[in-house]
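*Asks:* Have a peek at entry.txt (compact mmCIF, C-alpha atoms).
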# COMPACT_ATOMS: atom_id res chain seq x y z
CA MET W 17 21.83 5.74 -20.17
CA ALA W 18 20.07 7.36 -23.11
CA LYS W 19 17.49 9.97 -22.23
CA ILE W 20 13.88 9.47 -23.18
CA PRO W 21 11.22 12.09 -23.90
CA ILE W 22 8.32 12.78 -21.55
CA GLN W 23 5.40 15.20 -21.67
CA PHE W 24 3.65 16.15 -18.48
CA THR W 25 1.89 19.03 -16.78
CA VAL W 26 3.56 20.77 -13.87
CA ASN W 27 1.50 23.27 -11.89
CA GLY W 28 -0.85 23.65 -14.83
CA GLU W 29 1.91 24.22 -17.38
CA PRO W 30 2.59 21.64 -20.11
CA ARG W 31 6.23 20.52 -20.19
CA GLU W 32 8.21 18.48 -22.69
CA MET W 33 11.63 17.29 -21.70
CA MET W 34 14.25 14.56 -21.92
CA VAL W 35 14.85 12.49 -18.78
CA GLU W 36 17.13 9.65 -17.79
CA PRO W 37 15.18 6.53 -16.77
CA ALA W 38 16.88 6.48 -13.35
CA TRP W 39 16.01 10.08 -12.50
CA THR W 40 13.36 10.43 -9.84
CA LEU W 41 10.49 12.85 -10.25
CA LEU W 42 11.99 14.72 -7.28
CA ARG W 43 15.33 15.20 -9.02
CA THR W 44 13.58 16.22 -12.23
CA LEU W 45 11.49 18.85 -10.47
CA ARG W 46 14.37 20.29 -8.45
CA ASP W 47 17.41 20.04 -10.74
CA GLU W 48 15.85 20.27 -14.20
CA LEU W 49 12.77 22.45 -13.66
CA LEU W 50 14.35 24.36 -10.73
CA LEU W 51 11.23 23.91 -8.61
CA THR W 52 13.20 23.70 -5.38
CA GLY W 53 10.22 24.07 -3.04
CA THR W 54 9.96 20.27 -2.99
CA LYS W 55 12.65 18.96 -0.61
CA GLU W 56 14.75 15.83 -0.45
CA GLY W 57 14.87 14.35 3.05
CA CYS W 58 15.24 10.63 3.58
CA SER W 59 15.07 9.57 -0.11
CA ASN W 60 13.17 6.40 0.78
CA GLY W 61 9.55 7.36 1.35
CA ASN W 62 9.59 7.79 5.12
CA CYS W 63 9.82 11.55 5.73
CA GLY W 64 7.39 13.09 3.22
CA ALA W 65 9.51 16.20 2.53
CA CYS W 66 9.29 15.41 -1.20
CA THR W 67 5.48 15.04 -1.27
CA VAL W 68 3.79 16.31 -4.46
CA LEU W 69 0.42 15.67 -6.05
CA VAL W 70 0.32 13.34 -9.05
CA GLU W 71 -3.13 13.22 -10.65
CA GLY W 72 -4.40 14.84 -7.45
CA ARG W 73 -3.03 12.16 -5.12
CA SER W 74 -0.17 12.84 -2.71
CA VAL W 75 2.94 10.77 -3.41
CA ASN W 76 6.60 10.67 -2.38
CA SER W 77 8.35 12.09 -5.46
CA CYS W 78 11.61 10.42 -4.37
CA LEU W 79 9.98 7.05 -5.15
CA VAL W 80 8.57 8.05 -8.56
CA LEU W 81 10.74 7.57 -11.62
CA ALA W 82 10.67 10.53 -14.01
CA PRO W 83 9.37 8.48 -16.99
CA GLU W 84 6.38 7.42 -14.88
CA ALA W 85 5.18 11.03 -14.97
CA ASP W 86 4.70 10.89 -18.75
CA GLY W 87 1.19 12.11 -19.56
CA LEU W 88 0.36 12.93 -15.94
CA GLU W 89 -0.47 16.08 -13.99
CA VAL W 90 1.92 17.07 -11.21
CA THR W 91 1.39 19.79 -8.60
CA THR W 92 4.21 21.02 -6.36
CA VAL W 93 4.10 23.48 -3.49
CA GLU W 94 4.84 26.24 -6.04
CA GLY W 95 1.45 25.48 -7.61
CA ILE W 96 -0.63 25.81 -4.44
CA ALA W 97 -0.82 29.61 -4.19
CA ARG W 98 -2.79 31.21 -7.02
CA ASN W 99 -2.21 34.69 -8.43
CA GLY W 100 0.05 35.59 -5.54
CA LYS W 101 -2.58 34.68 -2.95
CA LEU W 102 -1.77 31.99 -0.40
CA SER W 103 -4.18 29.06 -0.10
CA HIS W 104 -6.21 28.53 3.08
CA VAL W 105 -3.72 25.86 4.14
CA GLN W 106 -0.69 28.08 3.57
CA GLU W 107 -2.33 31.04 5.29
CA ALA W 108 -3.24 28.87 8.30
CA PHE W 109 0.35 27.58 8.64
CA VAL W 110 1.51 31.21 8.77
CA GLN W 111 -1.17 32.24 11.29
CA GLU W 112 -0.62 29.26 13.59
CA GLY W 113 3.16 29.24 13.26
CA GLY W 114 2.99 25.67 11.99
CA LEU W 115 6.69 25.59 11.15
CA GLN W 116 10.13 26.38 12.47
CA CYS W 117 13.00 25.54 10.11
CA GLY W 118 10.57 25.10 7.23
CA PHE W 119 12.22 22.14 5.52
CA CYS W 120 9.25 19.81 5.99
CA THR W 121 6.66 22.51 5.33
CA PRO W 122 6.15 22.07 1.55
CA GLY W 123 5.41 18.38 2.11
CA PHE W 124 2.98 19.17 4.92
CA ILE W 125 1.24 21.81 2.77
CA ILE W 126 0.74 19.25 -0.01
CA SER W 127 -0.46 16.48 2.33
CA ALA W 128 -2.84 18.85 4.15
CA THR W 129 -4.16 20.22 0.86
CA ALA W 130 -4.81 16.67 -0.42
CA LEU W 131 -6.58 15.76 2.84
CA LEU W 132 -8.86 18.82 2.88
CA ARG W 133 -9.81 18.37 -0.77
CA ARG W 134 -10.90 14.82 0.05
CA ASN W 135 -12.30 15.52 3.50
CA PRO W 136 -12.94 19.25 4.14
CA ASN W 137 -13.86 18.72 7.81
CA PRO W 138 -11.47 16.17 9.33
CA THR W 139 -11.24 15.34 13.04
CA GLU W 140 -7.93 15.87 14.84
CA GLU W 141 -7.38 12.11 14.74
CA GLU W 142 -7.98 12.02 10.98
CA ILE W 143 -5.54 14.89 10.49
CA ARG W 144 -2.84 13.12 12.53
CA LEU W 145 -3.40 9.86 10.62
CA ASN W 146 -3.30 11.58 7.24
CA LEU W 147 -0.11 13.50 8.08
CA ALA W 148 1.68 10.41 9.44
CA GLY W 149 3.77 10.22 6.28
CA ASN W 150 5.30 13.65 6.95
CA LEU W 151 7.98 14.08 9.60
CA CYS W 152 8.73 17.37 11.40
CA ARG W 153 11.64 17.52 13.83
CA CYS W 154 10.96 21.06 15.08
CA THR W 155 7.36 21.79 15.93
CA GLY W 156 6.18 18.79 17.90
CA TYR W 157 3.28 18.70 15.39
CA ASP W 158 0.66 20.47 17.53
CA LYS W 159 0.84 23.76 15.67
CA ILE W 160 0.73 21.91 12.36
CA ILE W 161 -2.45 20.11 13.45
CA LYS W 162 -3.94 23.43 14.60
CA ALA W 163 -3.04 24.98 11.25
CA VAL W 164 -4.91 22.26 9.35
CA MET W 165 -7.95 22.66 11.64
CA ARG W 166 -7.81 26.42 11.06
CA ALA W 167 -7.62 25.91 7.30
CA SER W 168 -10.60 23.56 7.49
CA ALA W 169 -12.61 26.16 9.44
CA ALA W 170 -11.61 28.92 7.01
CA MET W 171 -12.78 26.80 4.08
CA ALA W 172 -16.09 26.11 5.84
CA SER W 173 -16.69 29.80 6.54
CA GLY W 174 -16.56 30.36 2.82
CA GLY W 175 -13.54 32.58 2.39
CA ALA W 176 -12.45 32.59 -1.24
CA PRO W 177 -9.90 29.78 -1.44
CA ALA W 178 -6.83 30.06 -3.62
CA THR W 179 -6.92 26.29 -4.18
CA MET N 16 20.73 4.34 -9.18
CA ALA N 17 22.64 2.36 -11.75
CA GLY N 18 21.68 2.93 -15.38
CA PHE N 19 18.76 0.98 -16.71
CA LYS N 20 16.48 1.26 -19.70
CA TYR N 21 12.79 1.99 -19.27
CA ALA N 22 9.73 0.72 -21.07
CA ALA N 23 6.06 1.54 -20.53
CA PRO N 24 4.19 -1.00 -22.68
CA ARG N 25 0.44 -0.58 -23.24
CA GLU N 26 -0.17 -4.24 -24.10
CA LEU N 27 0.44 -7.31 -21.95
CA ASP N 28 2.01 -9.19 -24.86
CA GLU N 29 4.63 -6.50 -25.27
CA ALA N 30 5.41 -6.57 -21.54
CA LEU N 31 5.80 -10.36 -21.64
CA GLN N 32 8.19 -10.13 -24.61
CA LEU N 33 10.25 -7.56 -22.74
CA MET N 34 10.25 -9.73 -19.58
CA ALA N 35 11.52 -12.69 -21.61
CA SER N 36 14.17 -10.81 -23.58
CA ALA N 37 15.87 -8.61 -20.97
CA GLN N 38 18.72 -9.93 -18.82
CA GLN N 39 17.37 -8.56 -15.59
CA PRO N 40 13.93 -7.05 -16.08
CA ARG N 41 12.11 -5.49 -13.12
CA PRO N 42 8.38 -4.84 -13.27
CA LEU N 43 7.38 -1.47 -11.78
CA ALA N 44 3.87 -0.79 -10.52
CA GLY N 45 3.73 1.46 -7.44
CA GLY N 46 7.51 1.63 -7.11
CA THR N 47 7.46 2.07 -3.33
CA ASP N 48 9.65 -1.01 -2.84
CA ILE N 49 11.49 -1.41 -6.15
CA VAL N 50 12.63 2.23 -6.56
CA ASP N 51 14.14 2.19 -3.06
CA GLN N 52 15.73 -1.21 -3.74
CA LEU N 53 17.24 0.05 -7.02
CA LYS N 54 18.60 3.11 -5.19
CA THR N 55 20.24 1.10 -2.44
CA GLY N 56 21.42 -1.71 -4.72
CA ARG N 57 19.34 -4.38 -2.96
CA ARG N 58 17.95 -5.26 -6.39
CA THR N 59 19.39 -4.41 -9.79
CA ALA N 60 17.85 -4.08 -13.25
CA ASP N 61 18.88 -3.60 -16.87
CA LEU N 62 15.30 -2.83 -17.83
CA VAL N 63 12.49 -1.38 -15.72
CA ILE N 64 9.08 -2.18 -17.19
CA GLU N 65 6.17 -0.03 -16.07
CA MET N 66 2.96 -2.01 -15.62
CA LYS N 67 0.44 0.77 -14.99
CA ARG N 68 -0.47 1.41 -18.64
CA ILE N 69 -1.49 -2.20 -19.33
CA PRO N 70 -5.31 -2.65 -19.12
CA GLN N 71 -5.18 -6.11 -17.42
CA MET N 72 -2.97 -4.65 -14.70
CA GLN N 73 -5.64 -2.02 -13.91
CA ARG N 74 -8.57 -4.40 -13.79
CA PHE N 75 -10.94 -3.95 -10.83
CA ASP N 76 -14.10 -6.03 -11.17
CA VAL N 77 -16.44 -7.40 -8.55
CA GLU N 78 -18.20 -10.28 -10.29
CA ALA N 79 -20.41 -13.16 -9.16
CA ASP N 80 -17.40 -15.45 -8.74
CA GLY N 81 -15.33 -12.92 -6.82
CA LEU N 82 -13.00 -9.97 -6.94
CA HIS N 83 -10.58 -9.54 -9.85
CA ILE N 84 -7.86 -6.98 -9.09
CA GLY N 85 -5.10 -6.03 -11.52
CA ALA N 86 -1.60 -6.24 -10.07
CA ALA N 87 -0.97 -2.51 -10.55
CA ARG N 88 -3.99 -1.39 -8.50
CA SER N 89 -2.97 0.68 -5.48
CA CYS N 90 -3.93 0.35 -1.83
CA THR N 91 -5.95 3.55 -2.25
CA ASP N 92 -7.84 2.01 -5.19
CA ILE N 93 -8.68 -0.97 -2.97
CA ARG N 94 -9.73 1.32 -0.12
CA SER N 95 -11.93 3.38 -2.48
CA HIS N 96 -13.98 0.56 -4.01
CA PRO N 97 -17.48 0.40 -2.44
CA GLU N 98 -17.74 -3.41 -2.54
CA VAL N 99 -14.46 -4.14 -0.78
CA PRO N 100 -14.98 -3.08 2.89
CA ALA N 101 -17.89 -5.40 3.73
CA ARG N 102 -17.11 -8.47 1.63
CA TYR N 103 -13.33 -8.45 1.68
CA ALA N 104 -12.73 -6.81 5.05
CA ALA N 105 -9.31 -8.37 5.71
CA LEU N 106 -7.97 -6.97 2.43
CA TYR N 107 -9.57 -3.58 3.05
CA GLU N 108 -8.00 -3.39 6.49
CA ALA N 109 -4.55 -4.54 5.38
CA ALA N 110 -4.44 -2.05 2.49
CA GLY N 111 -5.18 0.74 4.97
CA LEU N 112 -2.29 -0.21 7.27
CA ILE N 113 0.55 -0.05 4.74
CA GLY N 114 2.88 2.95 5.07
CA SER N 115 1.37 6.42 4.84
CA VAL N 116 -1.26 8.04 2.63
CA GLN N 117 1.53 8.82 0.17
CA ILE N 118 2.65 5.18 0.12
CA GLN N 119 -0.92 3.83 -0.13
CA ASN N 120 -1.55 6.14 -3.09
CA ARG N 121 1.24 4.38 -4.99
CA ALA N 122 1.88 0.95 -3.46
CA ALA N 123 0.35 -1.73 -5.70
CA LEU N 124 -1.22 -5.01 -4.58
CA GLY N 125 0.91 -6.94 -7.07
CA GLY N 126 4.05 -5.28 -5.77
CA ASN N 127 3.25 -6.09 -2.15
CA ILE N 128 2.87 -9.75 -3.16
CA CYS N 129 5.85 -9.97 -5.56
CA ASN N 130 8.18 -8.19 -3.12
CA ALA N 131 7.44 -11.23 -0.93
CA ALA N 132 8.35 -9.65 2.38
CA PRO N 133 7.51 -11.96 5.31
CA SER N 134 5.76 -8.92 6.83
CA ALA N 135 3.67 -7.98 3.74
CA ASP N 136 0.35 -6.86 5.20
CA THR N 137 -1.86 -7.82 2.25
CA ALA N 138 -0.45 -11.37 2.16
CA PRO N 139 -2.20 -12.83 5.25
CA ALA N 140 -5.39 -11.03 4.23
CA LEU N 141 -5.31 -12.58 0.76
CA LEU N 142 -4.25 -15.98 2.12
CA VAL N 143 -7.28 -16.20 4.43
CA LEU N 144 -9.54 -15.01 1.60
CA ASP N 145 -8.29 -18.00 -0.43
CA ALA N 146 -6.84 -15.76 -3.15
CA ARG N 147 -5.16 -16.96 -6.35
CA ALA N 148 -2.33 -15.28 -8.19
CA VAL N 149 -2.99 -14.76 -11.90
CA VAL N 150 0.34 -15.44 -13.62
CA ALA N 151 0.94 -14.76 -17.33
CA SER N 152 3.74 -15.71 -19.68
CA SER N 153 4.09 -16.04 -23.44
CA LYS N 154 2.75 -19.60 -22.97
CA GLY N 155 -0.52 -18.36 -21.49
CA ALA N 156 -2.01 -17.71 -18.07
CA ARG N 157 -2.09 -19.87 -14.97
CA LEU N 158 -3.75 -19.54 -11.58
CA VAL N 159 -1.57 -20.22 -8.57
CA GLU N 160 -2.90 -20.62 -5.04
CA LEU N 161 -1.37 -17.75 -3.14
CA ASP N 162 -0.26 -20.18 -0.47
CA ARG N 163 2.16 -21.67 -3.04
CA PHE N 164 3.39 -18.33 -4.39
CA PHE N 165 6.01 -17.41 -1.78
CA LYS N 166 9.36 -19.23 -1.68
CA GLY N 167 11.37 -17.21 0.83
CA PRO N 168 12.11 -13.63 1.82
CA GLY N 169 11.90 -11.64 -1.43
CA GLN N 170 11.45 -14.81 -3.48
CA THR N 171 8.41 -16.10 -5.37
CA ILE N 172 7.65 -19.00 -7.69
CA LEU N 173 7.57 -16.66 -10.72
CA GLU N 174 9.86 -17.96 -13.43
CA LYS N 175 11.83 -16.05 -16.05
CA GLY N 176 9.40 -14.37 -18.42
CA GLU N 177 6.42 -14.62 -16.07
CA LEU N 178 4.39 -11.70 -14.72
CA LEU N 179 1.83 -11.46 -11.95
CA THR N 180 -1.08 -9.75 -13.74
CA GLY N 181 -3.61 -9.84 -10.94
CA ILE N 182 -5.19 -11.38 -7.90
CA PHE N 183 -8.47 -13.28 -7.84
CA VAL N 184 -10.39 -13.48 -4.55
CA PRO N 185 -13.40 -15.85 -4.56
CA THR N 186 -16.67 -14.48 -3.18
CA PRO N 187 -16.78 -15.32 0.54
CA ALA N 188 -19.56 -17.64 1.74
CA ALA N 189 -22.65 -16.52 3.64
CA ARG N 190 -22.22 -16.36 7.43
CA SER N 191 -18.53 -15.60 7.04
CA ALA N 192 -16.23 -12.76 8.07
CA SER N 193 -12.56 -11.85 7.72
CA THR N 194 -10.15 -9.46 9.39
CA TYR N 195 -6.45 -8.59 9.61
CA LEU N 196 -4.66 -7.22 12.66
CA ARG N 197 -1.01 -6.40 13.09
CA PHE N 198 1.09 -5.16 15.95
CA ILE N 199 3.57 -2.31 15.58
CA PRO N 200 4.79 0.28 18.09
CA ARG N 201 2.84 3.05 16.35
CA ASN N 202 -0.20 3.11 14.11
CA GLU N 203 1.39 4.12 10.82
CA MET N 204 4.62 4.03 8.87
CA ASP N 205 6.07 0.85 10.35
CA ILE N 206 6.52 -2.81 9.59
CA ALA N 207 4.59 -5.54 11.38
CA ILE N 208 6.28 -7.20 14.37
CA ALA N 209 3.57 -9.78 13.81
CA GLY N 210 0.34 -9.82 11.82
CA VAL N 211 -2.59 -12.24 11.79
CA GLY N 212 -5.34 -12.62 9.21
CA CYS N 213 -8.45 -14.66 9.88
CA TYR N 214 -11.45 -15.92 7.90
CA LEU N 215 -14.27 -17.71 9.67
CA GLU N 216 -17.43 -19.36 8.38
CA ILE N 217 -19.91 -20.43 11.06
CA GLU N 218 -23.10 -22.45 10.53
CA SER N 219 -26.30 -21.26 12.20
CA SER N 220 -25.87 -24.13 14.68
CA GLY N 221 -22.62 -22.51 15.85
CA LEU N 222 -20.32 -25.08 14.23
CA VAL N 223 -17.24 -23.69 12.50
CA LYS N 224 -17.59 -24.74 8.86
CA ARG N 225 -14.37 -23.22 7.57
CA ALA N 226 -11.47 -21.42 9.22
CA ARG N 227 -8.41 -19.89 7.62
CA ILE N 228 -5.66 -18.22 9.65
CA ALA N 229 -2.50 -16.68 8.20
CA LEU N 230 0.51 -15.12 9.88
CA ALA N 231 2.87 -12.31 8.84
CA ALA N 232 6.42 -11.59 10.00
CA VAL N 233 6.84 -14.83 11.98
CA ALA N 234 8.33 -17.09 9.26
CA PRO N 235 10.46 -16.71 6.10
CA THR N 236 7.22 -16.17 4.16
CA PRO N 237 3.65 -15.29 5.05
CA ILE N 238 2.14 -18.63 6.14
CA ARG N 239 -1.15 -20.37 6.81
CA ALA N 240 -1.50 -21.72 10.36
CA ARG N 241 -3.29 -24.91 9.30
CA ILE N 242 -2.96 -26.56 12.68
CA ALA N 243 -5.02 -23.72 14.16
CA GLU N 244 -7.59 -24.03 11.37
CA LEU N 245 -8.01 -27.75 12.08
CA ALA N 246 -8.48 -27.01 15.76
CA LEU N 247 -11.52 -24.91 14.83
CA GLU N 248 -13.26 -26.70 11.97
CA GLY N 249 -16.22 -28.91 12.84
CA ARG N 250 -16.35 -27.69 16.43
CA GLU N 251 -18.75 -25.35 18.15
CA ILE N 252 -17.39 -21.83 18.50
CA SER N 253 -16.62 -20.82 22.09
CA ASP N 254 -14.10 -18.81 24.07
CA ALA N 255 -12.26 -22.00 24.99
CA LEU N 256 -12.09 -23.09 21.34
CA ILE N 257 -10.74 -19.66 20.31
CA GLU N 258 -8.10 -19.91 23.03
CA ALA N 259 -7.08 -23.39 21.85
CA ALA N 260 -6.83 -22.16 18.24
CA ALA N 261 -4.71 -19.19 19.33
CA GLU N 262 -2.39 -21.58 21.14
CA ALA N 263 -2.20 -23.79 18.04
CA ALA N 264 -1.35 -20.78 15.86
CA VAL N 265 1.70 -20.12 18.05
CA SER N 266 3.01 -23.59 17.20
CA ALA N 267 2.80 -22.74 13.47
CA ALA N 268 4.98 -19.63 13.89
CA ARG N 269 8.73 -19.89 13.32
CA PRO N 270 9.82 -16.36 14.15
CA ILE N 271 13.31 -14.87 14.33
CA SER N 272 14.55 -12.34 16.87
CA ASP N 273 15.49 -9.01 15.32
CA VAL N 274 15.45 -5.28 15.97
CA ARG N 275 11.63 -5.23 15.93
CA GLY N 276 11.10 -7.95 18.49
CA SER N 277 12.31 -11.25 19.95
CA ALA N 278 11.04 -14.61 18.79
CA GLU N 279 9.26 -15.12 22.13
CA TYR N 280 7.57 -11.73 21.86
CA ARG N 281 6.40 -12.52 18.35
CA LYS N 282 4.96 -15.87 19.45
CA ASP N 283 3.04 -14.16 22.22
CA LEU N 284 1.73 -11.62 19.70
CA VAL N 285 0.52 -14.46 17.46
CA ARG N 286 -1.49 -15.84 20.37
CA VAL N 287 -3.07 -12.47 21.21
CA LEU N 288 -3.71 -11.39 17.61
CA THR N 289 -5.18 -14.77 16.64
CA ARG N 290 -7.58 -14.58 19.59
CA ARG N 291 -8.59 -11.02 18.69
CA THR N 292 -9.09 -11.73 14.97
CA LEU N 293 -11.23 -14.79 15.75
CA GLN N 294 -13.31 -12.81 18.25
CA ALA N 295 -13.74 -10.01 15.70
CA CYS N 296 -14.92 -12.48 13.03
CA VAL N 297 -17.43 -14.07 15.40
CA GLN N 298 -18.78 -10.63 16.31
CA ARG N 299 -19.09 -9.67 12.66
CA ILE N 300 -20.89 -12.87 11.73
CA ASN N 301 -23.32 -12.41 14.64
CA ALA N 302 -23.87 -8.76 13.72
CA GLY N 303 -24.50 -9.74 10.10
CA GLU N 304 -27.03 -12.32 11.22
CA ARG N 305 -28.88 -9.76 13.32
CA ALA N 306 -28.90 -7.32 10.40
CA SER N 307 -30.36 -9.81 7.92
Reformat the file's structure so that it appears as structure tokens.

*Replies:*
Amino acid sequence: MAKIPIQFTVNGEPREMMVEPAWTLLRTLRDELLLTGTKEGCSNGNCGACTVLVEGRSVNSCLVLAPEADGLEVTTVEGIARNGKLSHVQEAFVQEGGLQCGFCTPGFIISATALLRRNPNPTEEEIRLNLAGNLCRCTGYDKIIKAVMRASAAMASGGAPAT
Amino acid sequence: MAGFKYAAPRELDEALQLMASAQQPRPLAGGTDIVDQLKTGRRTADLVIEMKRIPQMQRFDVEADGLHIGAARSCTDIRSHPEVPARYAALYEAAGLIGSVQIQNRAALGGNICNAAPSADTAPALLVLDARAVVASSKGARLVELDRFFKGPGQTILEKGELLTGIFVPTPAARSASTYLRFIPRNEMDIAIAGVGCYLEIESSGLVKRARIALAAVAPTPIRARIAELALEGREISDALIEAAAEAAVSAARPISDVRGSAEYRKDLVRVLTRRTLQACVQRINAGERAS
């Protein structure tokens, strides 16, 4: 099928490219823009490994068609650290050991970042509810929850956040 | 995904022309159902038409006559609107139960209705709120009672060239309340084994003026349980009356047995959920009376 042009912003950088209508945003990010931090897991919106921000809202990029991104702002895990400095969320995942194999981690970082921007001081229950769209088969989730609580506390104590 | 063309019209007229001219057009709003269906081949398309850039599809107005929501509005949009939680509680609750945060950020009200899953969570909520589907074609617009919109699993009354542009929900009466409850093995990311929506209007004397009860995942389409509504209307609200209505609701259910639950299990859930939704509405109406 003939490609069509789109213009969008990825991690703050304007992009112009040709996409096939049937490409997903996930495929476009990974295979065309080589932003391979975003992972493909289930491909049907259950696992959350492909989570990115579109216009500041977390979405499953496997369920977004590339042409839908035309004119929109997309943030991937590569856009979370700023100037080589990890964000509070990323730093907290490292400190708490909130990962093992790491495949789900970019999706969790995005979902946790979206949650803390909306609600900087969530309860454990709110964290678990908001991360329900991200699956992890290694950690048993507890260290991930602790990481998000640590990030929340770090933000509250006023450390300079990267994002 | 098989090859298809893509259009993102900015005017409703253009979208309607495209709907009428393509062999197999598929409207796309949130994409959480249709993109997966196109991937797996459950639905096919020669043209995917994005609805999100059309102003009518993004309407969100609370007016004196009721709530006007464009078909492309997401669950998160519904959850974020300050007027929705109190007045349209059943819809607010249903929109917060669908999928995950990621899914709610994308999944559109119009898509949940047009996908016509028997388990669609917003359907019972909208049915008990007496919602109408706003349907447009090149011939003009028509309002369809939502109760008449569903034909079967995945099937609606929409004809070739027609588009669902929005949902209209009339302003609920005074001394009324609504709620939606569903049962699933976990709290998120699953599909209802059974769901029950309820709207209740009670006079200050305690007589039930109006009752609407709707069921999800226990018939080929979301359905009203009219026999249960009739059991309530004109009678004085009581625990015994609620129990009788819950029993009546079971007789309206025509569930199948599948991987999520047996038919008997689903019927029992209808009884329990109907009782709980009615109790919740009564409590809300009483609380509202105390507050005013």

*Asks:* Write out as a PDB file with C-alpha atoms, keeping the file's coordinate frame every residue belonging to chain W that has an atom at most 6 Å from any atom of chain N, counting all atoms listed in the file.

*Replies:*
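To be explicit, this is the file written out as selection_20.pdb:
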ATOM      1  CA  MET W  17      21.830   5.740 -20.170  1.00  0.00           C
ATOM      2  CA  PRO W  37      15.180   6.530 -16.770  1.00  0.00           C
ATOM      3  CA  ASN W  60      13.170   6.400   0.780  1.00  0.00           C
ATOM      4  CA  SER W  74      -0.170  12.840  -2.710  1.00  0.00           C
ATOM      5  CA  VAL W  75       2.940  10.770  -3.410  1.00  0.00           C
ATOM      6  CA  ASN W  76       6.600  10.670  -2.380  1.00  0.00           C
ATOM      7  CA  LEU W  79       9.980   7.050  -5.150  1.00  0.00           C
ATOM      8  CA  GLY W 149       3.770  10.220   6.280  1.00  0.00           C
TER       9      GLY W 149
END

*Asks:* Counting all atoms listed in the file, figure out which residue out of N:Lys166, N:Arg74, N:Arg291, N:Arg201 gets nearest to Gly181 (chain N).

*Replies:*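 The shortest atom-to-atom distance to Gly181 (chain N) comes from N:Arg74.
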
*Asks:* Which polymer residues have any atom within 12 Å of an atom of Pro187 (chain N), counting all atoms listed in the file, with same-chain residues fewer than 3 positions away left out, as a PyMOL selection string?

*Replies:* chain N and resi 79-82+99+101-105+141+143-146+183-184+190-193+214-216+225-227

*Asks:* Give me the residues near Glu98 (chain N) as a ChimeraX atom specification, where near means some atom within 12 Å (using only C-alpha atoms) and where sequence neighbours in that chain fewer than 6 positions away do not count.

*Replies:* /N:75-78,81-83,92,104,106-107,186

*Asks:* Nearest residue to Glu71 (chain W) out of W:Leu115, W:Val26, W:Leu147, W:Val105, using only C-alpha atoms?

*Replies:*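 So, comparing all the options, the nearest one is W:Val26.
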
*Asks:* For the atom pair CA of Ala130 (chain W) and CA of Cys90 (chain N), what is the interatomic distance in Å to one decimal place?

*Replies:*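 Between CA of Ala130 (chain W) and CA of Cys90 (chain N) the gap is 16.4 Å.
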
*Asks:* For region 135-145 of chain W, list every protein, DNA or RNA residue within 12 Å, evaluated using only C-alpha atoms, and leave out those in the same chain fewer than 6 positions away; present the list as a PDB file with C-alpha atoms, in the coordinates of the input.

*Replies:*
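Contents of around-v5.pdb, as written:
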ATOM      1  CA  HIS W 104      -6.210  28.530   3.080  1.00  0.00           C
ATOM      2  CA  VAL W 105      -3.720  25.860   4.140  1.00  0.00           C
ATOM      3  CA  PHE W 124       2.980  19.170   4.920  1.00  0.00           C
ATOM      4  CA  SER W 127      -0.460  16.480   2.330  1.00  0.00           C
ATOM      5  CA  ALA W 128      -2.840  18.850   4.150  1.00  0.00           C
ATOM      6  CA  THR W 129      -4.160  20.220   0.860  1.00  0.00           C
ATOM      7  CA  LEU W 151       7.980  14.080   9.600  1.00  0.00           C
ATOM      8  CA  GLY W 156       6.180  18.790  17.900  1.00  0.00           C
ATOM      9  CA  TYR W 157       3.280  18.700  15.390  1.00  0.00           C
ATOM     10  CA  ASP W 158       0.660  20.470  17.530  1.00  0.00           C
ATOM     11  CA  LYS W 159       0.840  23.760  15.670  1.00  0.00           C
ATOM     12  CA  ILE W 160       0.730  21.910  12.360  1.00  0.00           C
ATOM     13  CA  ILE W 161      -2.450  20.110  13.450  1.00  0.00           C
ATOM     14  CA  LYS W 162      -3.940  23.430  14.600  1.00  0.00           C
ATOM     15  CA  ALA W 163      -3.040  24.980  11.250  1.00  0.00           C
ATOM     16  CA  VAL W 164      -4.910  22.260   9.350  1.00  0.00           C
ATOM     17  CA  MET W 165      -7.950  22.660  11.640  1.00  0.00           C
ATOM     18  CA  ARG W 166      -7.810  26.420  11.060  1.00  0.00           C
ATOM     19  CA  ALA W 167      -7.620  25.910   7.300  1.00  0.00           C
ATOM     20  CA  SER W 168     -10.600  23.560   7.490  1.00  0.00           C
ATOM     21  CA  ALA W 169     -12.610  26.160   9.440  1.00  0.00           C
ATOM     22  CA  ALA W 170     -11.610  28.920   7.010  1.00  0.00           C
ATOM     23  CA  MET W 171     -12.780  26.800   4.080  1.00  0.00           C
ATOM     24  CA  ALA W 172     -16.090  26.110   5.840  1.00  0.00           C
ATOM     25  CA  SER W 173     -16.690  29.800   6.540  1.00  0.00           C
ATOM     26  CA  GLY W 174     -16.560  30.360   2.820  1.00  0.00           C
TER      27      GLY W 174
ATOM     28  CA  GLY N 111      -5.180   0.740   4.970  1.00  0.00           C
ATOM     29  CA  LEU N 112      -2.290  -0.210   7.270  1.00  0.00           C
ATOM     30  CA  GLY N 114       2.880   2.950   5.070  1.00  0.00           C
ATOM     31  CA  SER N 115       1.370   6.420   4.840  1.00  0.00           C
ATOM     32  CA  VAL N 116      -1.260   8.040   2.630  1.00  0.00           C
ATOM     33  CA  GLN N 117       1.530   8.820   0.170  1.00  0.00           C
ATOM     34  CA  ARG N 201       2.840   3.050  16.350  1.00  0.00           C
ATOM     35  CA  ASN N 202      -0.200   3.110  14.110  1.00  0.00           C
ATOM     36  CA  GLU N 203       1.390   4.120  10.820  1.00  0.00           C
ATOM     37  CA  MET N 204       4.620   4.030   8.870  1.00  0.00           C
TER      38      MET N 204
END
